[in-house]
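Raw data_13.pdb, PDB, C-alpha atoms, pLDDT in the B column:
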```pdb
ATOM      1  CA  MET A   1      89.576  79.730 105.900  1.00 80.00           C
ATOM      2  CA  TRP A   2      92.605  81.874 104.965  1.00 83.00           C
ATOM      3  CA  SER A   3      94.846  79.503 106.911  1.00 84.00           C
ATOM      4  CA  ASP A   4      93.457  76.281 105.516  1.00 85.00           C
ATOM      5  CA  PRO A   5      96.410  74.369 103.965  1.00 88.00           C
ATOM      6  CA  THR A   6      94.378  73.136 100.985  1.00 87.00           C
ATOM      7  CA  LEU A   7      93.196  76.637 100.124  1.00 86.00           C
ATOM      8  CA  LYS A   8      96.705  78.018 100.582  1.00 88.00           C
ATOM      9  CA  LYS A   9      97.938  75.438  98.103  1.00 89.00           C
ATOM     10  CA  MET A  10      95.184  76.385  95.659  1.00 87.00           C
ATOM     11  CA  VAL A  11      95.997  80.121  95.727  1.00 89.00           C
ATOM     12  CA  ARG A  12      99.738  79.657  95.190  1.00 91.00           C
ATOM     13  CA  ASP A  13      99.315  80.099  91.442  1.00 91.00           C
ATOM     14  CA  TYR A  14      97.716  83.526  91.897  1.00 90.00           C
ATOM     15  CA  PHE A  15     101.000  84.756  93.318  1.00 91.00           C
ATOM     16  CA  ARG A  16     103.003  83.119  90.533  1.00 92.00           C
ATOM     17  CA  GLN A  17     100.691  84.801  88.028  1.00 89.00           C
ATOM     18  CA  PHE A  18     101.139  88.160  89.782  1.00 88.00           C
ATOM     19  CA  GLU A  19     104.896  87.907  89.178  1.00 89.00           C
ATOM     20  CA  ARG A  20     104.290  87.920  85.398  1.00 91.00           C
ATOM     21  CA  PRO A  21     103.455  91.438  84.141  1.00 86.00           C
ATOM     22  CA  GLU A  22     101.998  90.059  80.894  1.00 91.00           C
ATOM     23  CA  THR A  23      99.144  88.527  82.866  1.00 87.00           C
ATOM     24  CA  ARG A  24      98.000  91.867  84.297  1.00 84.00           C
ATOM     25  CA  ILE A  25      94.536  93.067  83.361  1.00 84.00           C
ATOM     26  CA  GLU A  26      94.212  96.806  83.790  1.00 81.00           C
ATOM     27  CA  LYS A  27      90.602  96.575  84.937  1.00 81.00           C
ATOM     28  CA  TYR A  28      91.668  94.613  87.999  1.00 82.00           C
ATOM     29  CA  ASP A  29      94.737  96.638  88.956  1.00 84.00           C
ATOM     30  CA  ASN A  30      94.739  99.984  90.722  1.00 85.00           C
ATOM     31  CA  LYS A  31      91.203 100.877  89.767  1.00 85.00           C
ATOM     32  CA  PHE A  32      91.301 104.015  91.967  1.00 88.00           C
ATOM     33  CA  LYS A  33      94.515 105.384  90.459  1.00 87.00           C
ATOM     34  CA  GLU A  34      92.943 108.828  90.040  1.00 89.00           C
ATOM     35  CA  ASN A  35      92.302 108.998  93.789  1.00 91.00           C
ATOM     36  CA  THR A  36      95.607 109.724  95.499  1.00 91.00           C
ATOM     37  CA  GLN A  37      94.078 108.894  98.876  1.00 91.00           C
ATOM     38  CA  ILE A  38      93.831 105.231  97.924  1.00 92.00           C
ATOM     39  CA  VAL A  39      97.057 103.275  97.578  1.00 92.00           C
ATOM     40  CA  PHE A  40      97.253 100.089  95.535  1.00 91.00           C
ATOM     41  CA  GLY A  41      99.674  97.411  96.628  1.00 90.00           C
ATOM     42  CA  SER A  42      99.778  93.683  97.063  1.00 90.00           C
ATOM     43  CA  PHE A  43      99.583  91.066  99.763  1.00 91.00           C
ATOM     44  CA  ASP A  44     102.552  88.860 100.556  1.00 90.00           C
ATOM     45  CA  GLU A  45     102.138  85.161 100.022  1.00 89.00           C
ATOM     46  CA  ASP A  46     102.736  84.476 103.721  1.00 88.00           C
ATOM     47  CA  TRP A  47      99.996  86.910 104.792  1.00 88.00           C
ATOM     48  CA  GLU A  48      98.018  85.653 107.776  1.00 86.00           C
ATOM     49  CA  PHE A  49      94.476  86.610 108.705  1.00 84.00           C
ATOM     50  CA  PRO A  50      94.676  88.918 111.747  1.00 80.00           C
ATOM     51  CA  ALA A  51      92.158  87.249 114.050  1.00 73.00           C
ATOM     52  CA  SER A  52      90.840  89.745 116.585  1.00 64.00           C
TER      53      SER A  52
ATOM     54  CA  MET B   1      82.121  76.200  73.347  1.00 72.00           C
ATOM     55  CA  SER B   2      79.719  77.233  76.073  1.00 80.00           C
ATOM     56  CA  PRO B   3      76.174  77.410  74.643  1.00 81.00           C
ATOM     57  CA  THR B   4      75.420  80.262  77.042  1.00 83.00           C
ATOM     58  CA  GLY B   5      78.667  82.034  76.222  1.00 88.00           C
ATOM     59  CA  LEU B   6      79.503  81.943  79.914  1.00 88.00           C
ATOM     60  CA  VAL B   7      81.844  80.017  82.169  1.00 90.00           C
ATOM     61  CA  PRO B   8      82.135  77.835  84.143  1.00 93.00           C
ATOM     62  CA  LEU B   9      80.966  74.965  82.002  1.00 94.00           C
ATOM     63  CA  LEU B  10      81.271  71.271  82.814  1.00 95.00           C
ATOM     64  CA  GLN B  11      81.233  68.465  80.308  1.00 92.00           C
ATOM     65  CA  ALA B  12      80.771  64.980  81.737  1.00 89.00           C
ATOM     66  CA  PRO B  13      81.657  62.656  78.821  1.00 90.00           C
ATOM     67  CA  ALA B  14      81.259  59.547  80.962  1.00 89.00           C
ATOM     68  CA  MET B  15      77.583  60.446  81.292  1.00 90.00           C
ATOM     69  CA  ASP B  16      76.962  61.856  77.817  1.00 92.00           C
ATOM     70  CA  PRO B  17      79.495  63.822  75.738  1.00 90.00           C
ATOM     71  CA  ASN B  18      76.728  66.005  74.346  1.00 90.00           C
ATOM     72  CA  ILE B  19      75.577  67.288  77.710  1.00 90.00           C
ATOM     73  CA  TYR B  20      77.064  70.515  79.015  1.00 91.00           C
ATOM     74  CA  ILE B  21      76.319  71.622  82.548  1.00 94.00           C
ATOM     75  CA  SER B  22      76.510  75.368  82.865  1.00 92.00           C
ATOM     76  CA  ASP B  23      76.362  77.677  85.870  1.00 93.00           C
ATOM     77  CA  SER B  24      78.434  77.216  89.025  1.00 95.00           C
ATOM     78  CA  LEU B  25      75.561  76.212  91.278  1.00 96.00           C
ATOM     79  CA  SER B  26      74.247  73.484  88.980  1.00 96.00           C
ATOM     80  CA  ILE B  27      77.817  72.224  88.457  1.00 96.00           C
ATOM     81  CA  CYS B  28      78.261  72.004  92.229  1.00 97.00           C
ATOM     82  CA  GLU B  29      74.975  70.151  92.584  1.00 97.00           C
ATOM     83  CA  PHE B  30      76.034  67.717  89.866  1.00 96.00           C
ATOM     84  CA  LEU B  31      79.415  67.142  91.522  1.00 96.00           C
ATOM     85  CA  ALA B  32      77.805  66.627  94.935  1.00 97.00           C
ATOM     86  CA  GLU B  33      75.384  64.095  93.487  1.00 96.00           C
ATOM     87  CA  SER B  34      78.197  62.367  91.579  1.00 94.00           C
ATOM     88  CA  ASN B  35      80.433  62.126  94.651  1.00 95.00           C
ATOM     89  CA  PRO B  36      78.218  61.243  97.615  1.00 95.00           C
ATOM     90  CA  ASN B  37      81.303  60.132  99.561  1.00 96.00           C
ATOM     91  CA  ILE B  38      82.562  63.727  99.621  1.00 95.00           C
ATOM     92  CA  PRO B  39      80.542  66.000 101.952  1.00 93.00           C
ATOM     93  CA  LEU B  40      80.138  68.883  99.518  1.00 97.00           C
ATOM     94  CA  TRP B  41      76.862  69.599 101.261  1.00 98.00           C
ATOM     95  CA  PRO B  42      76.493  68.932 105.025  1.00 97.00           C
ATOM     96  CA  LYS B  43      75.444  65.399 105.961  1.00 96.00           C
ATOM     97  CA  ASP B  44      72.814  66.743 108.337  1.00 97.00           C
ATOM     98  CA  ARG B  45      69.530  67.574 106.622  1.00 97.00           C
ATOM     99  CA  GLN B  46      68.951  70.761 108.616  1.00 98.00           C
ATOM    100  CA  LEU B  47      72.431  72.138 107.951  1.00 98.00           C
ATOM    101  CA  ARG B  48      72.220  70.981 104.348  1.00 98.00           C
ATOM    102  CA  ALA B  49      69.038  73.001 103.838  1.00 98.00           C
ATOM    103  CA  LEU B  50      70.680  76.093 105.348  1.00 98.00           C
ATOM    104  CA  ALA B  51      73.845  75.606 103.302  1.00 98.00           C
ATOM    105  CA  ARG B  52      71.801  75.343 100.115  1.00 98.00           C
ATOM    106  CA  SER B  53      69.891  78.461 101.070  1.00 98.00           C
ATOM    107  CA  ALA B  54      73.114  80.391 101.734  1.00 98.00           C
ATOM    108  CA  ALA B  55      74.697  79.279  98.443  1.00 98.00           C
ATOM    109  CA  ALA B  56      71.558  80.210  96.539  1.00 97.00           C
ATOM    110  CA  GLU B  57      71.467  83.642  98.177  1.00 97.00           C
ATOM    111  CA  ILE B  58      75.043  84.510  97.211  1.00 95.00           C
ATOM    112  CA  HIS B  59      74.540  82.976  93.777  1.00 94.00           C
ATOM    113  CA  SER B  60      71.557  85.130  92.886  1.00 93.00           C
ATOM    114  CA  GLY B  61      71.892  88.110  95.224  1.00 92.00           C
ATOM    115  CA  PHE B  62      74.356  90.700  96.494  1.00 92.00           C
ATOM    116  CA  SER B  63      74.388  92.436  93.109  1.00 89.00           C
ATOM    117  CA  GLU B  64      76.144  95.543  94.442  1.00 90.00           C
ATOM    118  CA  LEU B  65      78.895  93.539  96.100  1.00 88.00           C
ATOM    119  CA  ARG B  66      79.525  91.831  92.783  1.00 84.00           C
ATOM    120  CA  THR B  67      80.411  95.145  91.144  1.00 85.00           C
ATOM    121  CA  TYR B  68      83.620  95.292  93.219  1.00 84.00           C
ATOM    122  CA  ASP B  69      86.220  93.565  91.062  1.00 81.00           C
ATOM    123  CA  THR B  70      88.413  91.094  92.864  1.00 80.00           C
ATOM    124  CA  ASN B  71      92.119  90.647  92.515  1.00 82.00           C
ATOM    125  CA  PHE B  72      93.377  87.967  94.870  1.00 85.00           C
ATOM    126  CA  VAL B  73      96.768  89.563  95.415  1.00 89.00           C
ATOM    127  CA  GLY B  74      95.735  93.226  95.194  1.00 89.00           C
ATOM    128  CA  LYS B  75      95.490  95.421  98.271  1.00 91.00           C
ATOM    129  CA  TYR B  76      93.818  98.821  98.431  1.00 91.00           C
ATOM    130  CA  THR B  77      94.610 101.021 101.407  1.00 91.00           C
ATOM    131  CA  GLY B  78      92.590 104.148 102.073  1.00 91.00           C
ATOM    132  CA  ASN B  79      89.007 105.228 102.104  1.00 88.00           C
ATOM    133  CA  VAL B  80      87.588 103.059  99.321  1.00 89.00           C
ATOM    134  CA  PRO B  81      84.163 104.428  98.343  1.00 89.00           C
ATOM    135  CA  ILE B  82      81.254 102.107  98.932  1.00 90.00           C
ATOM    136  CA  THR B  83      77.602 102.686  98.155  1.00 92.00           C
ATOM    137  CA  ALA B  84      74.720 102.426 100.615  1.00 94.00           C
ATOM    138  CA  GLN B  85      73.584  99.247  98.863  1.00 94.00           C
ATOM    139  CA  GLY B  86      77.109  97.878  99.091  1.00 92.00           C
ATOM    140  CA  LEU B  87      77.101  98.437 102.852  1.00 92.00           C
ATOM    141  CA  LYS B  88      73.703  96.784 103.051  1.00 95.00           C
ATOM    142  CA  ASP B  89      75.063  93.750 101.192  1.00 94.00           C
ATOM    143  CA  ILE B  90      78.055  93.540 103.529  1.00 92.00           C
ATOM    144  CA  LYS B  91      75.807  93.703 106.602  1.00 95.00           C
ATOM    145  CA  ARG B  92      73.643  90.924 105.202  1.00 96.00           C
ATOM    146  CA  VAL B  93      76.676  88.725 104.471  1.00 96.00           C
ATOM    147  CA  LEU B  94      77.963  89.190 108.005  1.00 95.00           C
ATOM    148  CA  GLN B  95      74.531  88.414 109.426  1.00 97.00           C
ATOM    149  CA  LEU B  96      74.286  85.289 107.290  1.00 98.00           C
ATOM    150  CA  TRP B  97      77.748  84.085 108.375  1.00 97.00           C
ATOM    151  CA  ASP B  98      76.967  84.787 112.024  1.00 98.00           C
ATOM    152  CA  ASN B  99      73.676  82.901 111.871  1.00 98.00           C
ATOM    153  CA  ALA B 100      75.295  80.020 109.995  1.00 98.00           C
ATOM    154  CA  ARG B 101      78.038  79.586 112.559  1.00 98.00           C
ATOM    155  CA  LYS B 102      75.758  79.904 115.585  1.00 98.00           C
ATOM    156  CA  THR B 103      73.339  77.325 114.181  1.00 98.00           C
ATOM    157  CA  THR B 104      76.144  75.003 113.095  1.00 98.00           C
ATOM    158  CA  ILE B 105      77.904  75.107 116.469  1.00 98.00           C
ATOM    159  CA  THR B 106      74.660  74.180 118.226  1.00 98.00           C
ATOM    160  CA  ARG B 107      73.679  71.518 115.708  1.00 98.00           C
ATOM    161  CA  MET B 108      77.098  69.838 115.583  1.00 98.00           C
ATOM    162  CA  LYS B 109      77.098  69.611 119.366  1.00 98.00           C
ATOM    163  CA  GLU B 110      73.648  67.985 119.297  1.00 98.00           C
ATOM    164  CA  LEU B 111      74.874  65.498 116.687  1.00 97.00           C
ATOM    165  CA  GLY B 112      78.192  64.871 118.425  1.00 98.00           C
ATOM    166  CA  GLU B 113      79.978  65.748 115.181  1.00 96.00           C
ATOM    167  CA  VAL B 114      83.328  67.502 114.817  1.00 96.00           C
ATOM    168  CA  ASP B 115      82.874  71.120 113.729  1.00 96.00           C
ATOM    169  CA  GLU B 116      85.779  72.189 111.540  1.00 94.00           C
ATOM    170  CA  GLY B 117      84.785  75.846 111.766  1.00 94.00           C
ATOM    171  CA  PHE B 118      83.584  76.438 108.222  1.00 95.00           C
ATOM    172  CA  LEU B 119      80.149  77.942 107.637  1.00 97.00           C
ATOM    173  CA  PHE B 120      78.311  74.671 108.107  1.00 98.00           C
ATOM    174  CA  GLY B 121      81.008  72.544 109.732  1.00 97.00           C
ATOM    175  CA  ASN B 122      83.247  70.993 107.082  1.00 94.00           C
ATOM    176  CA  PHE B 123      84.390  72.882 104.012  1.00 94.00           C
ATOM    177  CA  GLY B 124      81.674  72.663 101.392  1.00 97.00           C
ATOM    178  CA  ILE B 125      79.894  74.312  98.518  1.00 98.00           C
ATOM    179  CA  ALA B 126      78.539  77.183 100.619  1.00 98.00           C
ATOM    180  CA  ASP B 127      82.081  78.114 101.680  1.00 96.00           C
ATOM    181  CA  ALA B 128      83.259  77.985  98.068  1.00 95.00           C
ATOM    182  CA  PHE B 129      80.508  80.383  97.050  1.00 95.00           C
ATOM    183  CA  PHE B 130      81.407  82.888  99.769  1.00 94.00           C
ATOM    184  CA  TRP B 131      85.190  82.595  99.256  1.00 91.00           C
ATOM    185  CA  PRO B 132      85.246  85.476  96.701  1.00 89.00           C
ATOM    186  CA  VAL B 133      83.446  87.690  99.232  1.00 90.00           C
ATOM    187  CA  LEU B 134      86.416  87.236 101.552  1.00 88.00           C
ATOM    188  CA  TRP B 135      88.673  88.272  98.674  1.00 85.00           C
ATOM    189  CA  VAL B 136      86.647  91.469  98.174  1.00 85.00           C
ATOM    190  CA  ARG B 137      86.842  92.319 101.860  1.00 83.00           C
ATOM    191  CA  ARG B 138      90.598  91.754 101.867  1.00 86.00           C
ATOM    192  CA  ASN B 139      91.149  93.635  98.570  1.00 84.00           C
ATOM    193  CA  TYR B 140      89.410  96.741  99.787  1.00 84.00           C
ATOM    194  CA  SER B 141      90.480  96.516 103.433  1.00 74.00           C
ATOM    195  CA  ARG B 142      86.891  96.263 104.619  1.00 65.00           C
ATOM    196  CA  LYS B 143      86.742  94.983 108.209  1.00 56.00           C
TER     197      LYS B 143
END
```

Target encoding C-alpha coordinates, full file:
Amino acid sequence: MWSDPTLKKMVRDYFRQFERPETRIEKYDNKFKENTQIVFGSFDEDWEFPAS
Amino acid sequence: MSPTGLVPLLQAPAMDPNIYISDSLSICEFLAESNPNIPLWPKDRQLRALARSAAAEIHSGFSELRTYDTNFVGKYTGNVPITAQGLKDIKRVLQLWDNARKTTITRMKELGEVDEGFLFGNFGIADAFFWPVLWVRRNYSRK
(Lines of atoms letter the chains of each structure in order from A and count residues from 1; the text may use other names and numbers.)
(Lines give C-alpha, C1' and ligand atoms only; values in the text may rest on other atoms or scores of the structure.)
Protein backbone atom coordinates (compact mmCIF):
# COMPACT_ATOMS: atom_id res chain seq x y z
CA MET A 1 0.00 0.00 0.00
CA TRP A 2 2.86 2.41 0.81
CA SER A 3 4.24 1.91 -2.69
CA ASP A 4 0.98 2.34 -4.55
CA PRO A 5 1.50 5.19 -7.07
CA THR A 6 -1.98 6.65 -6.53
CA LEU A 7 -1.52 6.79 -2.76
CA LYS A 8 1.96 8.26 -3.17
CA LYS A 9 0.45 10.99 -5.31
CA MET A 10 -2.24 11.63 -2.70
CA VAL A 11 0.24 12.03 0.19
CA ARG A 12 2.52 14.45 -1.67
CA ASP A 13 0.70 17.42 -0.15
CA TYR A 14 1.42 16.22 3.39
CA PHE A 15 5.11 16.75 2.70
CA ARG A 16 4.49 20.16 1.14
CA GLN A 17 2.46 21.09 4.21
CA PHE A 18 5.26 19.86 6.50
CA GLU A 19 7.63 22.35 4.84
CA ARG A 20 5.45 25.25 6.06
CA PRO A 21 5.99 25.91 9.79
CA GLU A 22 2.74 27.89 10.04
CA THR A 23 0.78 24.70 9.42
CA ARG A 24 2.25 22.91 12.44
CA ILE A 25 -0.14 21.90 15.19
CA GLU A 26 1.66 21.40 18.47
CA LYS A 27 -0.58 18.52 19.51
CA TYR A 28 0.65 16.46 16.58
CA ASP A 29 4.35 17.28 16.80
CA ASN A 30 6.82 15.81 19.26
CA LYS A 31 4.21 14.77 21.78
CA PHE A 32 6.85 12.98 23.91
CA LYS A 33 9.20 15.96 24.11
CA GLU A 34 9.55 15.52 27.88
CA ASN A 35 10.89 12.00 27.35
CA THR A 36 14.47 12.29 26.15
CA GLN A 37 14.49 8.60 25.22
CA ILE A 38 12.06 9.25 22.38
CA VAL A 39 13.31 11.22 19.40
CA PHE A 40 10.94 13.04 17.06
CA GLY A 41 11.91 13.35 13.43
CA SER A 42 10.34 13.01 10.04
CA PHE A 43 10.15 10.58 7.16
CA ASP A 44 11.61 11.45 3.78
CA GLU A 45 9.24 11.65 0.88
CA ASP A 46 11.04 8.81 -0.91
CA TRP A 47 10.72 6.48 2.10
CA GLU A 48 10.01 2.89 1.09
CA PHE A 49 8.30 0.25 3.19
CA PRO A 50 10.99 -2.21 4.34
CA ALA A 51 9.37 -5.51 3.38
CA SER A 52 10.80 -8.33 5.47
CA MET B 1 -22.24 23.74 8.33
CA SER B 2 -22.25 20.17 9.56
CA PRO B 3 -25.43 19.52 11.58
CA THR B 4 -23.47 17.11 13.77
CA GLY B 5 -20.58 19.53 14.14
CA LEU B 6 -18.31 16.83 12.78
CA VAL B 7 -16.49 16.12 9.54
CA PRO B 8 -16.45 14.58 7.02
CA LEU B 9 -19.72 15.76 5.56
CA LEU B 10 -20.94 15.20 2.01
CA GLN B 11 -23.51 17.28 0.22
CA ALA B 12 -24.91 15.79 -2.97
CA PRO B 13 -26.75 18.72 -4.63
CA ALA B 14 -27.60 16.66 -7.71
CA MET B 15 -29.71 14.45 -5.45
CA ASP B 16 -31.07 17.10 -3.08
CA PRO B 17 -29.19 20.21 -1.92
CA ASN B 18 -30.79 19.96 1.51
CA ILE B 19 -29.46 16.51 2.26
CA TYR B 20 -26.17 16.21 4.10
CA ILE B 21 -24.54 12.82 4.49
CA SER B 22 -22.40 12.69 7.58
CA ASP B 23 -19.99 10.07 8.89
CA SER B 24 -17.23 8.48 6.81
CA LEU B 25 -18.81 5.04 6.59
CA SER B 26 -22.18 6.28 5.36
CA ILE B 27 -20.42 8.59 2.88
CA CYS B 28 -18.46 5.61 1.54
CA GLU B 29 -21.63 3.56 1.24
CA PHE B 30 -23.31 6.41 -0.64
CA LEU B 31 -20.34 6.78 -2.99
CA ALA B 32 -20.21 3.02 -3.62
CA GLU B 33 -23.91 2.96 -4.43
CA SER B 34 -23.57 6.04 -6.64
CA ASN B 35 -20.62 4.60 -8.58
CA PRO B 36 -21.33 0.91 -9.16
CA ASN B 37 -18.70 0.87 -11.92
CA ILE B 38 -15.97 1.51 -9.35
CA PRO B 39 -15.26 -1.51 -7.10
CA LEU B 40 -15.26 0.37 -3.81
CA TRP B 41 -16.52 -2.83 -2.24
CA PRO B 42 -15.38 -6.23 -3.61
CA LYS B 43 -17.47 -7.61 -6.48
CA ASP B 44 -17.65 -11.00 -4.79
CA ARG B 45 -20.45 -11.26 -2.24
CA GLN B 46 -18.39 -13.23 0.27
CA LEU B 47 -15.45 -10.83 0.16
CA ARG B 48 -17.83 -7.88 0.15
CA ALA B 49 -19.42 -9.10 3.39
CA LEU B 50 -15.98 -9.50 5.00
CA ALA B 51 -14.83 -6.10 3.75
CA ARG B 52 -17.94 -4.46 5.19
CA SER B 53 -17.37 -6.25 8.47
CA ALA B 54 -13.73 -5.10 8.62
CA ALA B 55 -14.63 -1.48 7.81
CA ALA B 56 -17.36 -1.50 10.43
CA GLU B 57 -14.98 -2.91 13.04
CA ILE B 58 -12.36 -0.21 12.52
CA HIS B 59 -15.07 2.44 12.27
CA SER B 60 -16.61 1.65 15.64
CA GLY B 61 -13.82 -0.14 17.49
CA PHE B 62 -10.14 0.10 18.38
CA SER B 63 -10.81 3.01 20.73
CA GLU B 64 -7.37 2.83 22.35
CA LEU B 65 -5.57 2.85 19.02
CA ARG B 66 -7.48 5.98 18.11
CA THR B 67 -5.94 7.87 21.03
CA TYR B 68 -2.55 7.80 19.27
CA ASP B 69 -2.48 10.98 17.21
CA THR B 70 -1.25 10.58 13.67
CA ASN B 71 1.10 12.82 11.80
CA PHE B 72 1.79 11.45 8.34
CA VAL B 73 5.33 12.79 8.15
CA GLY B 74 6.27 12.47 11.83
CA LYS B 75 8.60 9.74 13.06
CA TYR B 76 9.12 8.76 16.69
CA THR B 77 12.16 6.66 17.51
CA GLY B 78 12.52 5.06 20.92
CA ASN B 79 10.43 3.16 23.37
CA VAL B 80 7.03 4.76 22.79
CA PRO B 81 4.73 3.81 25.68
CA ILE B 82 1.71 1.75 24.75
CA THR B 83 -1.06 0.50 27.00
CA ALA B 84 -2.17 -3.11 27.37
CA GLN B 85 -5.39 -2.24 25.54
CA GLY B 86 -3.36 -0.60 22.79
CA LEU B 87 -1.36 -3.80 22.33
CA LYS B 88 -4.59 -5.77 22.28
CA ASP B 89 -5.94 -3.50 19.54
CA ILE B 90 -2.76 -3.91 17.50
CA LYS B 91 -2.92 -7.71 17.81
CA ARG B 92 -6.54 -7.68 16.67
CA VAL B 93 -5.73 -5.49 13.66
CA LEU B 94 -2.92 -7.81 12.62
CA GLN B 95 -5.18 -10.83 13.04
CA LEU B 96 -7.89 -9.17 10.97
CA TRP B 97 -5.43 -8.28 8.18
CA ASP B 98 -3.98 -11.79 8.20
CA ASN B 99 -7.40 -13.41 7.99
CA ALA B 100 -8.50 -10.99 5.28
CA ARG B 101 -5.51 -11.73 3.09
CA LYS B 102 -5.64 -15.50 3.56
CA THR B 103 -9.34 -15.60 2.70
CA THR B 104 -8.92 -13.22 -0.23
CA ILE B 105 -6.02 -15.17 -1.74
CA THR B 106 -8.06 -18.38 -1.61
CA ARG B 107 -11.26 -16.77 -2.88
CA MET B 108 -9.62 -14.89 -5.75
CA LYS B 109 -7.99 -18.11 -6.91
CA GLU B 110 -11.37 -19.88 -6.84
CA LEU B 111 -12.90 -17.03 -8.86
CA GLY B 112 -9.96 -16.77 -11.26
CA GLU B 113 -9.71 -13.07 -10.43
CA VAL B 114 -6.54 -10.98 -10.24
CA ASP B 115 -5.59 -10.26 -6.62
CA GLU B 116 -3.93 -6.86 -6.37
CA GLY B 117 -2.75 -7.54 -2.83
CA PHE B 118 -4.97 -5.15 -0.91
CA LEU B 119 -7.03 -6.45 2.01
CA PHE B 120 -9.79 -7.85 -0.18
CA GLY B 121 -8.10 -7.83 -3.58
CA ASN B 122 -8.44 -4.41 -5.21
CA PHE B 123 -8.08 -1.18 -3.28
CA GLY B 124 -11.40 -0.38 -1.65
CA ILE B 125 -13.22 1.14 1.27
CA ALA B 126 -11.83 -1.33 3.81
CA ASP B 127 -8.27 -0.37 2.84
CA ALA B 128 -9.13 3.33 3.15
CA PHE B 129 -10.44 2.77 6.66
CA PHE B 130 -7.29 0.95 7.76
CA TRP B 131 -4.88 3.37 6.03
CA PRO B 132 -4.59 5.60 9.16
CA VAL B 133 -3.66 2.52 11.21
CA LEU B 134 -0.63 2.10 8.97
CA TRP B 135 0.22 5.75 9.64
CA VAL B 136 0.08 5.14 13.40
CA ARG B 137 2.34 2.11 13.13
CA ARG B 138 4.84 4.08 11.04
CA ASN B 139 4.65 7.19 13.28
CA TYR B 140 5.46 5.27 16.41
CA SER B 141 7.82 2.73 14.83
CA ARG B 142 5.60 -0.17 15.84
CA LYS B 143 6.51 -3.32 13.88

Quiz item: If you count only C-alpha atoms, which residues fall within 8 Å of segment 100-109 of chain B, apart from same-chain ones fewer than 3 positions away, as a VMD selection string?
Solution: chain B and resid 47 50 96 to 97 112 to 115 117 to 121

Writing out the chosen residues with C-alpha atoms as a CSV table (one decimal), in the frame of the given file:
```
chain,number,residue,atom,x,y,z
B,47,LEU,CA,72.4,72.1,108.0
B,50,LEU,CA,70.7,76.1,105.3
B,96,LEU,CA,74.3,85.3,107.3
B,97,TRP,CA,77.7,84.1,108.4
B,112,GLY,CA,78.2,64.9,118.4
B,113,GLU,CA,80.0,65.7,115.2
B,114,VAL,CA,83.3,67.5,114.8
B,115,ASP,CA,82.9,71.1,113.7
B,117,GLY,CA,84.8,75.8,111.8
B,118,PHE,CA,83.6,76.4,108.2
B,119,LEU,CA,80.1,77.9,107.6
B,120,PHE,CA,78.3,74.7,108.1
B,121,GLY,CA,81.0,72.5,109.7
```

Practice problem: Using the chain letters and numbers from the file, give me the residues hit by the PyMOL selection byres ((chain A) within 9 of (chain B)), as a list in words. | Solution: Met1, Trp2, Val11, Tyr14, Phe15, Phe18, Lys27, Tyr28, Asp29, Asn30, Lys31, Phe32, Gln37, Ile38, Val39, Phe40, Gly41, Ser42, Phe43, Asp44 and Glu45 of chain A

Export of prior selection with C-alpha atoms as a CSV table (one decimal), in the coordinates of the input:
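The file below, out_6.csv, is the result:
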```csv
chain,number,residue,atom,x,y,z
A,1,MET,CA,89.6,79.7,105.9
A,2,TRP,CA,92.6,81.9,105.0
A,11,VAL,CA,96.0,80.1,95.7
A,14,TYR,CA,97.7,83.5,91.9
A,15,PHE,CA,101.0,84.8,93.3
A,18,PHE,CA,101.1,88.2,89.8
A,27,LYS,CA,90.6,96.6,84.9
A,28,TYR,CA,91.7,94.6,88.0
A,29,ASP,CA,94.7,96.6,89.0
A,30,ASN,CA,94.7,100.0,90.7
A,31,LYS,CA,91.2,100.9,89.8
A,32,PHE,CA,91.3,104.0,92.0
A,37,GLN,CA,94.1,108.9,98.9
A,38,ILE,CA,93.8,105.2,97.9
A,39,VAL,CA,97.1,103.3,97.6
A,40,PHE,CA,97.3,100.1,95.5
A,41,GLY,CA,99.7,97.4,96.6
A,42,SER,CA,99.8,93.7,97.1
A,43,PHE,CA,99.6,91.1,99.8
A,44,ASP,CA,102.6,88.9,100.6
A,45,GLU,CA,102.1,85.2,100.0
```

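For the file at hand, the PyMOL selection byres ((chain B and resi 42) around 9) resolves to Pro39, Leu40, Trp41, Lys43, Asp44, Arg45, Gln46, Leu47, Arg48, Ala49, Ala51, Phe120, Gly121, Asn122, Phe123 and Gly124 of chain B.
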
Quiz item: Any chance you could work out the residue set of the PyMOL selection byres ((chain A and resi 48) around 8) here, as JSON, numbers by chain?
Solution: {"A": [2, 3, 46, 47, 49, 50]}

Quick one: residues within 12 Å of Met1 of chain B, only C-alpha atoms, excluding same-chain residues fewer than 4 positions away - as a PDB file with C-alpha atoms, in the frame of the given file?
```pdb
ATOM      1  CA  GLY B   5      78.667  82.034  76.222  1.00 88.00           C
ATOM      2  CA  LEU B   6      79.503  81.943  79.914  1.00 88.00           C
ATOM      3  CA  VAL B   7      81.844  80.017  82.169  1.00 90.00           C
ATOM      4  CA  PRO B   8      82.135  77.835  84.143  1.00 93.00           C
ATOM      5  CA  LEU B   9      80.966  74.965  82.002  1.00 94.00           C
ATOM      6  CA  LEU B  10      81.271  71.271  82.814  1.00 95.00           C
ATOM      7  CA  GLN B  11      81.233  68.465  80.308  1.00 92.00           C
ATOM      8  CA  ASN B  18      76.728  66.005  74.346  1.00 90.00           C
ATOM      9  CA  ILE B  19      75.577  67.288  77.710  1.00 90.00           C
ATOM     10  CA  TYR B  20      77.064  70.515  79.015  1.00 91.00           C
ATOM     11  CA  ILE B  21      76.319  71.622  82.548  1.00 94.00           C
ATOM     12  CA  SER B  22      76.510  75.368  82.865  1.00 92.00           C
TER      13      SER B  22
END
```

Self-check item: Who sits within 9 Å of Ala55 of chain B, all atoms listed in the file, same chain under 3 positions skipped, as a PyMOL selection string
Solution: chain B and resi 25+50-52+58-60+125-130

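Going from atom CA of Val136 of chain B over to atom CA of Ser53 of chain B, you cover 21.4 Å.
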
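Across the structure, atom CA of Ser63 of chain B and atom CA of Thr23 of chain A are spaced 27.1 Å apart.
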
Would you compute, for all listed atoms of segment 6-9 of chain A, the axis-aligned bounding box grown by 5 Å on each side, and then report its centre and edge lengths in Å rounded to one decimal, as JSON?
```
{"center_x": 95.6, "center_y": 75.6, "center_z": 99.5, "size_x": 14.7, "size_y": 14.9, "size_z": 12.9}
```

Quiz item: If you measure from atom CA of Gly61 of chain B to atom CA of Phe30 of chain B, what distance in Å do you get, rounded to one decimal?
Solution: 21.5 Å
